[in-house]
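One file, my_file.cif, carrying mmCIF, C-alpha atoms and all ligand atoms:
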data_start
loop_
_atom_site.label_atom_id
_atom_site.label_comp_id
_atom_site.auth_asym_id
_atom_site.auth_seq_id
_atom_site.Cartn_x
_atom_site.Cartn_y
_atom_site.Cartn_z
CA MET A 758 95.46 162.65 96.23
CA THR A 759 93.45 161.77 99.33
CA ALA A 760 95.77 161.78 102.28
CA ASN A 761 94.69 161.95 105.87
CA PRO A 762 96.64 160.39 108.71
CA PRO A 763 94.74 157.53 110.38
CA ASP A 764 93.31 159.60 113.24
CA ALA A 765 92.24 162.45 110.99
CA THR A 766 89.09 163.24 112.98
CA ARG A 767 91.02 164.16 116.10
CA PRO A 768 91.93 166.93 116.21
CA VAL A 769 89.51 168.56 113.81
CA ALA A 770 91.57 169.26 110.73
CA PRO A 771 90.83 170.18 107.14
CA GLN A 772 89.62 167.00 105.46
CA GLU A 773 91.19 166.06 102.16
CA THR A 774 89.06 163.95 99.84
CA ASP A 775 88.83 163.72 96.08
CA ALA A 776 85.90 166.13 96.40
CA THR A 777 87.79 168.78 98.36
CA LEU A 778 88.13 172.09 96.56
CA HIS A 779 90.64 174.39 98.18
CA PHE A 780 89.28 177.50 96.53
CA THR A 781 85.68 177.56 97.75
CA GLY A 782 83.97 178.75 100.91
CA PRO A 783 84.95 181.40 103.45
CA ALA A 784 88.70 181.57 104.11
CA THR A 785 90.17 180.50 107.41
CA PHE A 786 93.93 180.05 107.67
CA GLY A 787 94.78 176.77 105.91
CA ARG A 788 91.02 175.94 105.91
CA VAL A 789 91.31 174.96 109.59
CA PRO A 790 88.08 175.17 111.62
CA ARG A 791 87.04 178.39 113.31
CA LEU A 792 87.71 178.49 117.04
CA ASP A 793 83.96 178.43 117.75
CA GLN A 794 83.71 175.11 115.83
CA VAL A 795 86.07 173.28 118.21
CA ASP A 796 86.21 173.01 121.99
CA THR A 797 89.65 174.48 122.47
CA ALA A 798 92.71 175.04 120.32
CA ASP A 799 96.37 174.23 120.90
CA ILE A 800 97.30 176.86 118.34
CA ALA A 801 95.07 179.84 117.57
CA VAL A 802 95.62 181.73 114.33
CA VAL A 803 94.41 185.27 114.96
CA GLY A 804 94.32 188.36 112.79
CA VAL A 805 95.09 191.89 113.95
CA PRO A 806 93.89 194.26 111.22
CA PHE A 807 95.73 197.36 112.48
CA ASP A 808 98.08 199.65 110.56
CA ALA A 809 97.89 203.05 112.25
CA GLY A 810 101.51 202.65 113.42
CA VAL A 811 103.20 202.81 110.02
CA SER A 812 105.75 205.43 108.95
CA TYR A 813 105.45 204.95 105.18
CA ARG A 814 102.91 203.10 102.99
CA PRO A 815 99.69 202.10 104.81
CA GLY A 816 97.62 198.99 104.10
CA ALA A 817 98.77 196.21 106.44
CA ARG A 818 95.32 196.24 108.05
CA PHE A 819 94.29 194.05 105.11
CA GLY A 820 97.22 191.66 105.62
CA ALA A 821 95.62 188.98 107.78
CA ASN A 822 92.76 188.34 105.38
CA ALA A 823 95.11 188.33 102.38
CA VAL A 824 97.25 185.71 104.13
CA ARG A 825 94.15 183.64 104.91
CA GLU A 826 93.10 183.76 101.24
CA ALA A 827 96.60 182.78 100.09
CA SER A 828 96.74 179.90 102.60
CA ARG A 829 93.88 177.92 101.05
CA GLN A 830 96.15 175.63 99.11
CA LEU A 831 98.17 174.48 102.14
CA ARG A 832 97.99 170.71 102.32
CA PRO A 833 97.97 168.51 105.44
CA TYR A 834 101.48 167.04 105.23
CA ASN A 835 104.68 169.08 105.57
CA PRO A 836 107.36 166.85 104.00
CA ALA A 837 110.26 169.16 104.89
CA MET A 838 109.54 168.45 108.56
CA ASP A 839 107.72 165.09 108.34
CA VAL A 840 104.83 166.63 110.28
CA TYR A 841 101.06 166.87 109.83
CA PRO A 842 100.76 170.30 111.46
CA PHE A 843 96.94 170.44 111.58
CA HIS A 844 96.66 166.85 112.87
CA TYR A 845 99.38 166.77 115.53
CA ALA A 846 97.71 169.67 117.33
CA GLN A 847 94.34 171.40 117.20
CA VAL A 848 94.81 174.48 115.07
CA ALA A 849 91.85 176.87 114.82
CA ASP A 850 91.23 180.29 113.32
CA ALA A 851 90.18 182.68 116.06
CA GLY A 852 89.13 185.47 113.68
CA ASP A 853 90.36 189.00 114.32
CA ILE A 854 91.14 191.14 117.34
CA THR A 855 89.44 194.50 116.79
CA ALA A 856 91.87 197.38 117.26
CA ASN A 857 90.89 201.08 117.23
CA PRO A 858 92.24 202.60 113.99
CA HIS A 859 92.05 206.16 115.39
CA ASN A 860 93.74 205.69 118.77
CA ILE A 861 96.98 203.70 118.95
CA ASP A 862 97.04 203.54 122.77
CA LYS A 863 93.55 202.04 122.81
CA ALA A 864 94.47 199.67 119.97
CA VAL A 865 97.53 198.43 121.87
CA GLU A 866 95.37 197.84 124.97
CA SER A 867 92.78 195.82 123.10
CA ILE A 868 95.39 193.73 121.25
CA GLU A 869 96.95 192.85 124.61
CA ALA A 870 93.52 191.97 126.05
CA GLY A 871 92.66 189.90 122.98
CA ALA A 872 95.94 188.00 123.19
CA ASP A 873 95.46 187.46 126.94
CA ALA A 874 92.01 185.99 126.33
CA LEU A 875 93.37 183.46 123.83
CA LEU A 876 96.53 182.57 125.78
CA SER A 877 94.47 182.02 128.94
CA THR A 878 92.71 179.12 127.18
CA GLY A 879 96.09 177.41 126.88
CA ALA A 880 96.47 178.16 123.17
CA GLN A 881 99.68 179.33 121.55
CA LEU A 882 99.34 182.18 119.07
CA MET A 883 100.13 182.48 115.39
CA THR A 884 99.21 186.11 114.90
CA LEU A 885 98.76 187.65 111.44
CA GLY A 886 99.20 191.43 111.26
CA GLY A 887 98.78 194.22 110.93
CA ASP A 888 101.83 196.40 111.16
CA HIS A 889 104.75 195.71 113.52
CA THR A 890 103.31 197.89 116.33
CA ILE A 891 101.27 194.85 117.34
CA ALA A 892 104.35 192.91 118.48
CA LEU A 893 104.52 194.97 121.69
CA PRO A 894 101.09 194.06 123.11
CA LEU A 895 101.60 190.47 121.93
CA LEU A 896 104.93 190.27 123.76
CA ARG A 897 103.38 191.77 126.90
CA SER A 898 100.81 189.02 126.89
CA VAL A 899 103.29 186.23 126.09
CA ALA A 900 105.76 187.44 128.75
CA ARG A 901 102.98 187.50 131.35
CA ARG A 902 102.56 183.79 130.70
CA HIS A 903 106.16 182.65 130.11
CA GLY A 904 108.35 185.36 131.66
CA PRO A 905 110.90 187.23 129.54
CA VAL A 906 111.28 185.45 126.20
CA ALA A 907 114.09 184.94 123.72
CA LEU A 908 113.26 186.87 120.56
CA LEU A 909 114.07 185.99 116.99
CA HIS A 910 113.15 188.96 114.83
CA PHE A 911 113.15 188.55 111.03
CA ASP A 912 113.04 192.02 109.49
CA ALA A 913 114.84 194.41 107.15
CA HIS A 914 114.54 196.93 110.00
CA LEU A 915 115.74 197.09 113.58
CA ASP A 916 112.41 198.31 115.02
CA THR A 917 114.28 199.38 118.14
CA TRP A 918 113.97 203.11 117.49
CA ASP A 919 112.85 205.28 120.39
CA SER A 920 110.02 207.23 118.76
CA HIS A 921 108.63 208.56 115.51
CA PHE A 922 107.14 212.10 115.46
CA GLY A 923 107.14 211.87 119.24
CA ALA A 924 105.00 208.72 119.20
CA GLN A 925 106.13 205.83 121.41
CA TYR A 926 103.97 203.10 119.90
CA THR A 927 104.76 202.74 116.20
CA HIS A 928 105.88 199.94 113.88
CA GLY A 929 109.50 201.10 114.23
CA THR A 930 109.60 200.97 118.06
CA PRO A 931 108.02 197.75 119.44
CA PHE A 932 111.26 196.05 120.49
CA ARG A 933 112.66 199.13 122.24
CA ARG A 934 109.47 199.28 124.33
CA ALA A 935 109.53 195.52 124.90
CA ALA A 936 113.14 195.68 126.14
CA GLU A 937 112.37 198.66 128.42
CA GLU A 938 109.40 196.80 129.87
CA GLY A 939 111.49 193.72 130.67
CA LEU A 940 109.55 191.45 128.32
CA LEU A 941 112.69 190.10 126.62
CA ASP A 942 115.46 187.79 127.79
CA THR A 943 118.35 190.10 126.86
CA SER A 944 120.80 187.22 126.53
CA ALA A 945 118.97 185.81 123.49
CA LEU A 946 117.85 188.54 121.11
CA SER A 947 118.58 188.36 117.39
CA HIS A 948 117.60 190.29 114.30
CA VAL A 949 117.86 188.37 111.03
CA GLY A 950 117.76 189.94 107.56
CA THR A 951 118.68 193.46 108.65
CA ARG A 952 119.71 195.82 105.82
CA GLY A 953 119.14 199.20 104.26
CA SER A 954 119.71 202.79 105.29
CA LEU A 955 119.49 203.99 108.89
CA TYR A 956 118.85 207.38 110.49
CA SER A 957 122.34 207.34 112.05
CA LYS A 958 125.20 205.09 113.12
CA GLU A 959 123.93 205.38 116.71
CA ASP A 960 120.84 203.36 115.74
CA LEU A 961 123.13 200.32 115.72
CA ASP A 962 124.90 201.23 119.00
CA GLU A 963 121.59 201.66 120.79
CA ASP A 964 120.34 198.38 119.38
CA THR A 965 123.47 196.59 120.62
CA LYS A 966 123.01 198.14 124.07
CA LEU A 967 119.54 196.61 124.26
CA GLY A 968 121.21 193.22 123.78
CA PHE A 969 120.49 192.44 120.14
CA GLY A 970 122.81 190.51 117.86
CA ILE A 971 122.45 191.03 114.11
CA VAL A 972 122.58 188.57 111.24
CA THR A 973 122.31 190.83 108.20
CA ALA A 974 120.74 189.78 104.92
CA ALA A 975 124.26 189.79 103.44
CA ASP A 976 125.45 187.48 106.27
CA VAL A 977 122.76 184.97 105.30
CA MET A 978 123.99 185.10 101.70
CA ARG A 979 127.71 184.83 102.59
CA ARG A 980 127.57 182.36 105.47
CA GLY A 981 124.61 180.29 104.34
CA VAL A 982 121.49 179.05 106.06
CA ASP A 983 123.02 176.13 108.01
CA GLU A 984 125.70 178.20 109.73
CA VAL A 985 123.20 180.94 110.57
CA VAL A 986 120.76 178.40 112.02
CA GLN A 987 123.53 176.91 114.15
CA GLN A 988 124.45 180.33 115.55
CA LEU A 989 120.82 181.22 116.28
CA LYS A 990 120.19 177.89 118.02
CA GLU A 991 123.22 178.35 120.27
CA ARG A 992 121.98 181.79 121.26
CA ILE A 993 118.39 180.69 121.89
CA GLY A 994 119.13 177.44 123.72
CA LYS A 995 116.11 176.04 125.58
CA ARG A 996 114.62 179.41 126.49
CA PRO A 997 110.98 180.13 125.67
CA LEU A 998 111.20 181.66 122.21
CA TYR A 999 109.01 184.19 120.43
CA ILE A 1000 109.46 184.62 116.66
CA SER A 1001 108.36 187.83 114.97
CA VAL A 1002 108.46 187.86 111.17
CA ASP A 1003 108.16 191.16 109.32
CA ILE A 1004 107.54 190.07 105.73
CA ASP A 1005 109.83 192.87 104.52
CA VAL A 1006 112.71 190.62 105.65
CA LEU A 1007 112.20 189.14 102.17
CA ASP A 1008 113.59 190.89 99.13
CA PRO A 1009 110.95 193.05 97.40
CA ALA A 1010 111.15 190.53 94.53
CA HIS A 1011 109.81 187.92 96.97
CA ALA A 1012 107.50 190.27 98.90
CA PRO A 1013 106.51 193.41 97.02
CA GLY A 1014 103.31 193.80 99.05
CA THR A 1015 104.64 195.59 102.08
CA GLY A 1016 104.87 199.13 103.38
CA THR A 1017 108.60 199.80 103.87
CA PRO A 1018 110.43 197.73 101.22
CA GLU A 1019 114.25 197.53 101.21
CA ALA A 1020 116.36 196.04 98.40
CA GLY A 1021 118.74 193.16 99.03
CA GLY A 1022 116.62 190.89 101.21
CA LEU A 1023 116.27 187.17 101.89
CA THR A 1024 114.69 184.80 99.42
CA SER A 1025 111.55 183.02 100.60
CA ARG A 1026 113.55 179.76 100.37
CA GLU A 1027 116.13 181.11 102.85
CA LEU A 1028 113.46 182.29 105.27
CA LEU A 1029 111.57 178.99 105.17
CA GLU A 1030 114.76 177.00 105.66
CA ILE A 1031 115.95 179.09 108.62
CA VAL A 1032 112.57 178.65 110.32
CA ARG A 1033 112.66 174.88 109.68
CA GLY A 1034 116.13 174.75 111.19
CA LEU A 1035 114.73 175.89 114.55
CA ALA A 1036 112.68 172.73 115.04
CA ASP A 1037 114.17 171.88 118.44
CA CYS A 1038 113.71 175.35 119.93
CA TYR A 1039 110.90 175.95 122.42
CA LEU A 1040 108.67 178.22 120.32
CA VAL A 1041 105.84 179.62 122.46
CA SER A 1042 104.11 181.94 119.96
CA ALA A 1043 104.81 183.84 116.77
CA ASP A 1044 103.61 186.71 114.64
CA LEU A 1045 103.83 187.54 110.96
CA VAL A 1046 103.31 191.20 110.09
CA GLU A 1047 103.49 193.95 107.47
CA VAL A 1048 101.75 192.22 104.55
CA ALA A 1049 100.08 195.07 102.63
CA PRO A 1050 98.12 193.45 99.80
CA ALA A 1051 97.45 196.68 97.86
CA TYR A 1052 101.10 196.64 96.70
CA ASP A 1053 101.16 192.89 96.03
CA HIS A 1054 101.00 191.12 92.67
CA ALA A 1055 99.68 187.63 92.03
CA GLU A 1056 99.64 186.96 95.81
CA ILE A 1057 103.47 186.77 95.79
CA THR A 1058 103.73 188.28 99.25
CA SER A 1059 100.70 186.66 100.84
CA VAL A 1060 101.68 183.20 99.55
CA ALA A 1061 105.19 183.63 101.01
CA ALA A 1062 103.61 184.86 104.26
CA SER A 1063 101.11 182.00 104.48
CA HIS A 1064 103.82 179.42 103.85
CA THR A 1065 106.02 181.00 106.51
CA ALA A 1066 103.12 180.88 108.97
CA TYR A 1067 102.60 177.20 108.03
CA GLU A 1068 106.24 176.48 108.98
CA LEU A 1069 105.86 178.34 112.27
CA ILE A 1070 102.68 176.38 113.03
CA THR A 1071 104.55 173.21 112.09
CA LEU A 1072 107.22 173.95 114.73
CA MET A 1073 104.61 174.54 117.43
CA SER A 1074 102.47 171.57 116.40
CA ARG A 1075 105.45 169.18 116.36
CA GLN A 1076 106.45 170.31 119.81
CA ILE A 1077 102.90 170.05 121.21
CA ALA A 1078 102.70 166.48 119.85
CA PHE A 1079 106.05 165.68 121.46
CA PHE A 1080 104.96 167.01 124.89
CA ARG A 1081 101.71 165.04 124.57
CA TRP A 1082 103.67 161.88 123.76
CA VAL A 1083 105.95 162.39 126.78
CA GLU A 1084 102.90 162.92 129.02
CA GLU A 1085 101.14 159.79 127.68
CA ASN A 1086 104.27 157.64 128.04
CA LYS A 1087 105.22 158.66 131.55
CA PRO A 1088 105.99 155.62 133.70
CA SER A 1089 103.04 155.27 136.12
N1 LIG B 1101 108.46 197.92 108.76
C1 LIG B 1101 108.72 198.12 110.01
N2 LIG B 1101 108.24 197.33 110.94
N3 LIG B 1101 109.46 199.14 110.43
C2 LIG B 1101 110.01 200.10 109.51
C3 LIG B 1101 110.40 201.33 110.22
C4 LIG B 1101 111.23 202.16 109.30
C5 LIG B 1101 111.18 203.63 109.60
O1 LIG B 1101 110.30 204.08 110.33
O2 LIG B 1101 112.00 204.34 109.07
ZN ZN B 1102 110.50 195.93 108.47
ZN ZN B 1103 109.25 195.51 111.37
#
Represent the structure from my file as structure tokens, please.
Amino acid sequence: MTANPPDATRPVAPQETDATLHFTGPATFGRVPRLDQVDTADIAVVGVPFDAGVSYRPGARFGANAVREASRQLRPYNPAMDVYPFHYAQVADAGDITANPHNIDKAVESIEAGADALLSTGAQLMTLGGDHTIALPLLRSVARRHGPVALLHFDAHLDTWDSHFGAQYTHGTPFRRAAEEGLLDTSALSHVGTRGSLYSKEDLDEDTKLGFGIVTAADVMRRGVDEVVQQLKERIGKRPLYISVDIDVLDPAHAPGTGTPEAGGLTSRELLEIVRGLADCYLVSADLVEVAPAYDHAEITSVAASHTAYELITLMSRQIAFFRWVEENKPS
């Protein structure tokens, strides 16, 4: 049962001994150290407990902590990828970014500032929402660092609507705003898992005009994971990539704990396998949003979310280790 790679003390990673109990003590994501317990982090897991942007059921403000709780059992070795994600790179839990629950404009400003502060240390972000509104300030911050990014958006919904009740910043509008603000590389934008009813046929036309391609949930079922991964990889190429996962991309059977559920979604196995398939893409940061634990049962949703975040961290960690290896093996 004890299994640490030989250099387990660097970086600081959860130690696994016969005396390790995964279910005790305060929860950090995957039991990684807090950011204030390490010098710097390569990957910062950060919560954004904000849900004032939702159009239907509230409750995603409790998502980040539910995902942390459900991530306790994550073990050091990821056999699907042959990677020790918490050992190849320093992963740390940066706690939460406080966002005003009464003023969305102020919340968006502070999320952007919070993301800037973490990115300026050189860390990449694995952000746990929160509702999907938070993707806009996160993308602003990431684009400031990397320029316009390729976007892979897993979601039942388009989230490219113009407004809701006249409001510009909502969980249904982040990618419209991001496109308008020039934060996205319009040659590499994909939604995956799209399904369900729309307000009108024009929703799709407007989405296409912004540059998005769509792989529907039914496409994933009909064409299969490998073909979908191949298509996504061709579209993304070597561009800096941001992945945004709305947990409602999963079927409500796999993720009941969310605010705007739609029937006919992906299985958690399909989502995990698509993410794993993107191993050679240049992932710069990611978010996972819309976990609303009040509607969850037996941690179904938060376990699926924590395991998805583990795969996203695995991609970043693997790539950080590769860049480090290249640096260390440069001919002098
Ligand atoms: N769950 C997210 N992010 N968006 C859902 C928006 C659906 C709607 O406002 O009709
Ligand atoms: Zn959604
Ligand atoms: Zn969404």
>> Given only C-alpha atoms as the basis, pick out the residue of A:Gly810, A:Gly904, A:Gly1014, A:Gly804 nearest to Met883 (chain A).
In response: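 Nearest to Met883 (chain A): A:Gly804.
The shortest atom-to-atom distance to Arg897 (chain A), with only C-alpha atoms taken into account, belongs to A:Tyr999 out of A:Tyr999, A:Phe780, A:Phe786, A:Phe969.
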Using only C-alpha atoms and a cutoff of 8 Å, can you tell me which residues are near (113.4, 199.1, 120.6) in the file's coordinates, and write them out as a PDB file with C-alpha atoms, in the coordinates of the input?
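Output (out24.pdb):
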ATOM      1  CA  LEU A 915     115.740 197.090 113.580  1.00  0.00           C
ATOM      2  CA  ASP A 916     112.410 198.310 115.020  1.00  0.00           C
ATOM      3  CA  THR A 917     114.280 199.380 118.140  1.00  0.00           C
ATOM      4  CA  TRP A 918     113.970 203.110 117.490  1.00  0.00           C
ATOM      5  CA  ASP A 919     112.850 205.280 120.390  1.00  0.00           C
ATOM      6  CA  GLY A 929     109.500 201.100 114.230  1.00  0.00           C
ATOM      7  CA  THR A 930     109.600 200.970 118.060  1.00  0.00           C
ATOM      8  CA  PRO A 931     108.020 197.750 119.440  1.00  0.00           C
ATOM      9  CA  PHE A 932     111.260 196.050 120.490  1.00  0.00           C
ATOM     10  CA  ARG A 933     112.660 199.130 122.240  1.00  0.00           C
ATOM     11  CA  ARG A 934     109.470 199.280 124.330  1.00  0.00           C
ATOM     12  CA  ALA A 935     109.530 195.520 124.900  1.00  0.00           C
ATOM     13  CA  ALA A 936     113.140 195.680 126.140  1.00  0.00           C
ATOM     14  CA  GLU A 937     112.370 198.660 128.420  1.00  0.00           C
ATOM     15  CA  ASP A 964     120.340 198.380 119.380  1.00  0.00           C
ATOM     16  CA  LEU A 967     119.540 196.610 124.260  1.00  0.00           C
TER      17      LEU A 967
END
> Neighbours of ligand LIG 1101 (chain B) within 10 Å, counting only C-alpha atoms and all ligand atoms, as number ranges by chain?
Replying inline: A: 810-814, 887-892, 912-918, 920-921, 927-931, 953-956, 1002-1006, 1015-1019, 1046-1048
Could you give me the axis-aligned bounding box of region 850-853 of chain A, with 8 Å of padding per side, as centre plus edge lengths in Å to one decimal, as JSON?
{"center_x": 90.2, "center_y": 184.6, "center_z": 114.7, "size_x": 18.1, "size_y": 24.7, "size_z": 18.7}
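Taking all atoms listed in the file, the non-local environment of Leu876 (chain A) within 10 Å (same-chain residues fewer than 2 positions away omitted) comprises Asp799, Ile800, Ala801, Ala870, Gly871, Ala872, Asp873, Ala874, Thr878, Gly879, Ala880, Gln881, Leu882, Ser898, Val899, Arg901, Arg902 and Ser1042 of chain A.
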> Excluding same-chain residues fewer than 4 positions from region 770-779 of chain A, what lies within 6 Å of it counting all atoms listed in the file, as a PyMOL selection string?
Replying inline: chain A and resi 759+788-789+829-830+843
> From the list A:Gly852, A:Gly1034, A:Pro1088, A:Gly950, which residue is nearest Ala784 (chain A) when using all atoms listed in the file?
Replying inline: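 Using all atoms listed in the file, Ala784 (chain A) sits closest to A:Gly852.
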>> Using all atoms listed in the file, can you tell me which of A:Leu895, A:Arg832, A:Ala1010, A:Pro905 comes closest to Asp1053 (chain A)?
In response: A:Ala1010
>> If I take CA of Glu1027 (chain A) and CA of Glu984 (chain A), how far is one from the other in Å, to one decimal?
In response: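 For CA of Glu1027 (chain A) relative to CA of Glu984 (chain A), the distance reads 12.1 Å.
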How would you write as a compact mmCIF listing (two decimals) with C-alpha atoms, keeping the file's coordinate frame the residues that get within 7 Å of (88.3, 175.2, 114.3) in the file's frame, counting only C-alpha atoms?
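Generated output (out.txt):
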# COMPACT_ATOMS: atom_id res chain seq x y z
CA VAL A 769 89.51 168.56 113.81
CA VAL A 789 91.31 174.96 109.59
CA PRO A 790 88.08 175.17 111.62
CA ARG A 791 87.04 178.39 113.31
CA LEU A 792 87.71 178.49 117.04
CA ASP A 793 83.96 178.43 117.75
CA GLN A 794 83.71 175.11 115.83
CA VAL A 795 86.07 173.28 118.21
CA VAL A 848 94.81 174.48 115.07
CA ALA A 849 91.85 176.87 114.82
CA ASP A 850 91.23 180.29 113.32
Starting from the sparse input, extend region 875-883 of chain A to all heavy atoms and give the output as a PDB file, in the coordinates of the input.
ATOM      1  N   LEU A 875      93.047 184.700 124.547  1.00  0.00           N
ATOM      2  CA  LEU A 875      93.370 183.460 123.830  1.00  0.00           C
ATOM      3  C   LEU A 875      94.421 182.647 124.577  1.00  0.00           C
ATOM      4  O   LEU A 875      94.286 181.426 124.733  1.00  0.00           O
ATOM      5  CB  LEU A 875      93.859 183.779 122.413  1.00  0.00           C
ATOM      6  CG  LEU A 875      92.779 184.286 121.445  1.00  0.00           C
ATOM      7  CD1 LEU A 875      93.421 184.838 120.183  1.00  0.00           C
ATOM      8  CD2 LEU A 875      91.807 183.153 121.099  1.00  0.00           C
ATOM      9  N   LEU A 876      95.460 183.306 125.076  1.00  0.00           N
ATOM     10  CA  LEU A 876      96.530 182.570 125.780  1.00  0.00           C
ATOM     11  C   LEU A 876      95.989 181.924 127.052  1.00  0.00           C
ATOM     12  O   LEU A 876      96.455 180.857 127.454  1.00  0.00           O
ATOM     13  CB  LEU A 876      97.697 183.517 126.112  1.00  0.00           C
ATOM     14  CG  LEU A 876      98.588 183.942 124.943  1.00  0.00           C
ATOM     15  CD1 LEU A 876      99.607 184.974 125.403  1.00  0.00           C
ATOM     16  CD2 LEU A 876      99.322 182.750 124.326  1.00  0.00           C
ATOM     17  N   SER A 877      95.000 182.571 127.682  1.00  0.00           N
ATOM     18  CA  SER A 877      94.470 182.020 128.940  1.00  0.00           C
ATOM     19  C   SER A 877      93.722 180.712 128.719  1.00  0.00           C
ATOM     20  O   SER A 877      93.482 179.962 129.657  1.00  0.00           O
ATOM     21  CB  SER A 877      93.576 183.043 129.643  1.00  0.00           C
ATOM     22  OG  SER A 877      92.390 183.185 128.894  1.00  0.00           O
ATOM     23  N   THR A 878      93.349 180.408 127.467  1.00  0.00           N
ATOM     24  CA  THR A 878      92.710 179.120 127.180  1.00  0.00           C
ATOM     25  C   THR A 878      93.755 178.013 127.018  1.00  0.00           C
ATOM     26  O   THR A 878      93.413 176.855 126.809  1.00  0.00           O
ATOM     27  CB  THR A 878      91.882 179.177 125.869  1.00  0.00           C
ATOM     28  OG1 THR A 878      92.799 179.362 124.760  1.00  0.00           O
ATOM     29  CG2 THR A 878      90.877 180.313 125.884  1.00  0.00           C
ATOM     30  N   GLY A 879      95.028 178.397 127.054  1.00  0.00           N
ATOM     31  CA  GLY A 879      96.090 177.410 126.880  1.00  0.00           C
ATOM     32  C   GLY A 879      96.617 177.361 125.457  1.00  0.00           C
ATOM     33  O   GLY A 879      97.537 176.599 125.152  1.00  0.00           O
ATOM     34  N   ALA A 880      96.029 178.175 124.574  1.00  0.00           N
ATOM     35  CA  ALA A 880      96.470 178.160 123.170  1.00  0.00           C
ATOM     36  C   ALA A 880      97.788 178.919 123.006  1.00  0.00           C
ATOM     37  O   ALA A 880      98.096 179.817 123.783  1.00  0.00           O
ATOM     38  CB  ALA A 880      95.406 178.802 122.288  1.00  0.00           C
ATOM     39  N   GLN A 881      98.546 178.529 122.010  1.00  0.00           N
ATOM     40  CA  GLN A 881      99.680 179.330 121.550  1.00  0.00           C
ATOM     41  C   GLN A 881      99.190 180.147 120.359  1.00  0.00           C
ATOM     42  O   GLN A 881      98.244 179.743 119.676  1.00  0.00           O
ATOM     43  CB  GLN A 881     100.838 178.411 121.145  1.00  0.00           C
ATOM     44  CG  GLN A 881     101.425 177.670 122.340  1.00  0.00           C
ATOM     45  CD  GLN A 881     102.479 176.641 121.967  1.00  0.00           C
ATOM     46  OE1 GLN A 881     102.486 175.549 122.491  1.00  0.00           O
ATOM     47  NE2 GLN A 881     103.370 176.985 121.060  1.00  0.00           N
ATOM     48  N   LEU A 882      99.848 181.270 120.105  1.00  0.00           N
ATOM     49  CA  LEU A 882      99.340 182.180 119.070  1.00  0.00           C
ATOM     50  C   LEU A 882     100.199 182.181 117.819  1.00  0.00           C
ATOM     51  O   LEU A 882     101.425 182.247 117.881  1.00  0.00           O
ATOM     52  CB  LEU A 882      99.311 183.622 119.600  1.00  0.00           C
ATOM     53  CG  LEU A 882      98.412 183.908 120.787  1.00  0.00           C
ATOM     54  CD1 LEU A 882      98.404 185.417 121.061  1.00  0.00           C
ATOM     55  CD2 LEU A 882      96.999 183.419 120.523  1.00  0.00           C
ATOM     56  N   MET A 883      99.515 182.128 116.678  1.00  0.00           N
ATOM     57  CA  MET A 883     100.130 182.480 115.390  1.00  0.00           C
ATOM     58  C   MET A 883      99.356 183.700 114.920  1.00  0.00           C
ATOM     59  O   MET A 883      98.263 183.581 114.348  1.00  0.00           O
ATOM     60  CB  MET A 883     100.007 181.300 114.425  1.00  0.00           C
ATOM     61  CG  MET A 883     100.574 181.581 113.019  1.00  0.00           C
ATOM     62  SD  MET A 883     102.344 181.915 112.992  1.00  0.00           S
ATOM     63  CE  MET A 883     102.409 183.634 112.488  1.00  0.00           C
TER      64      MET A 883
END
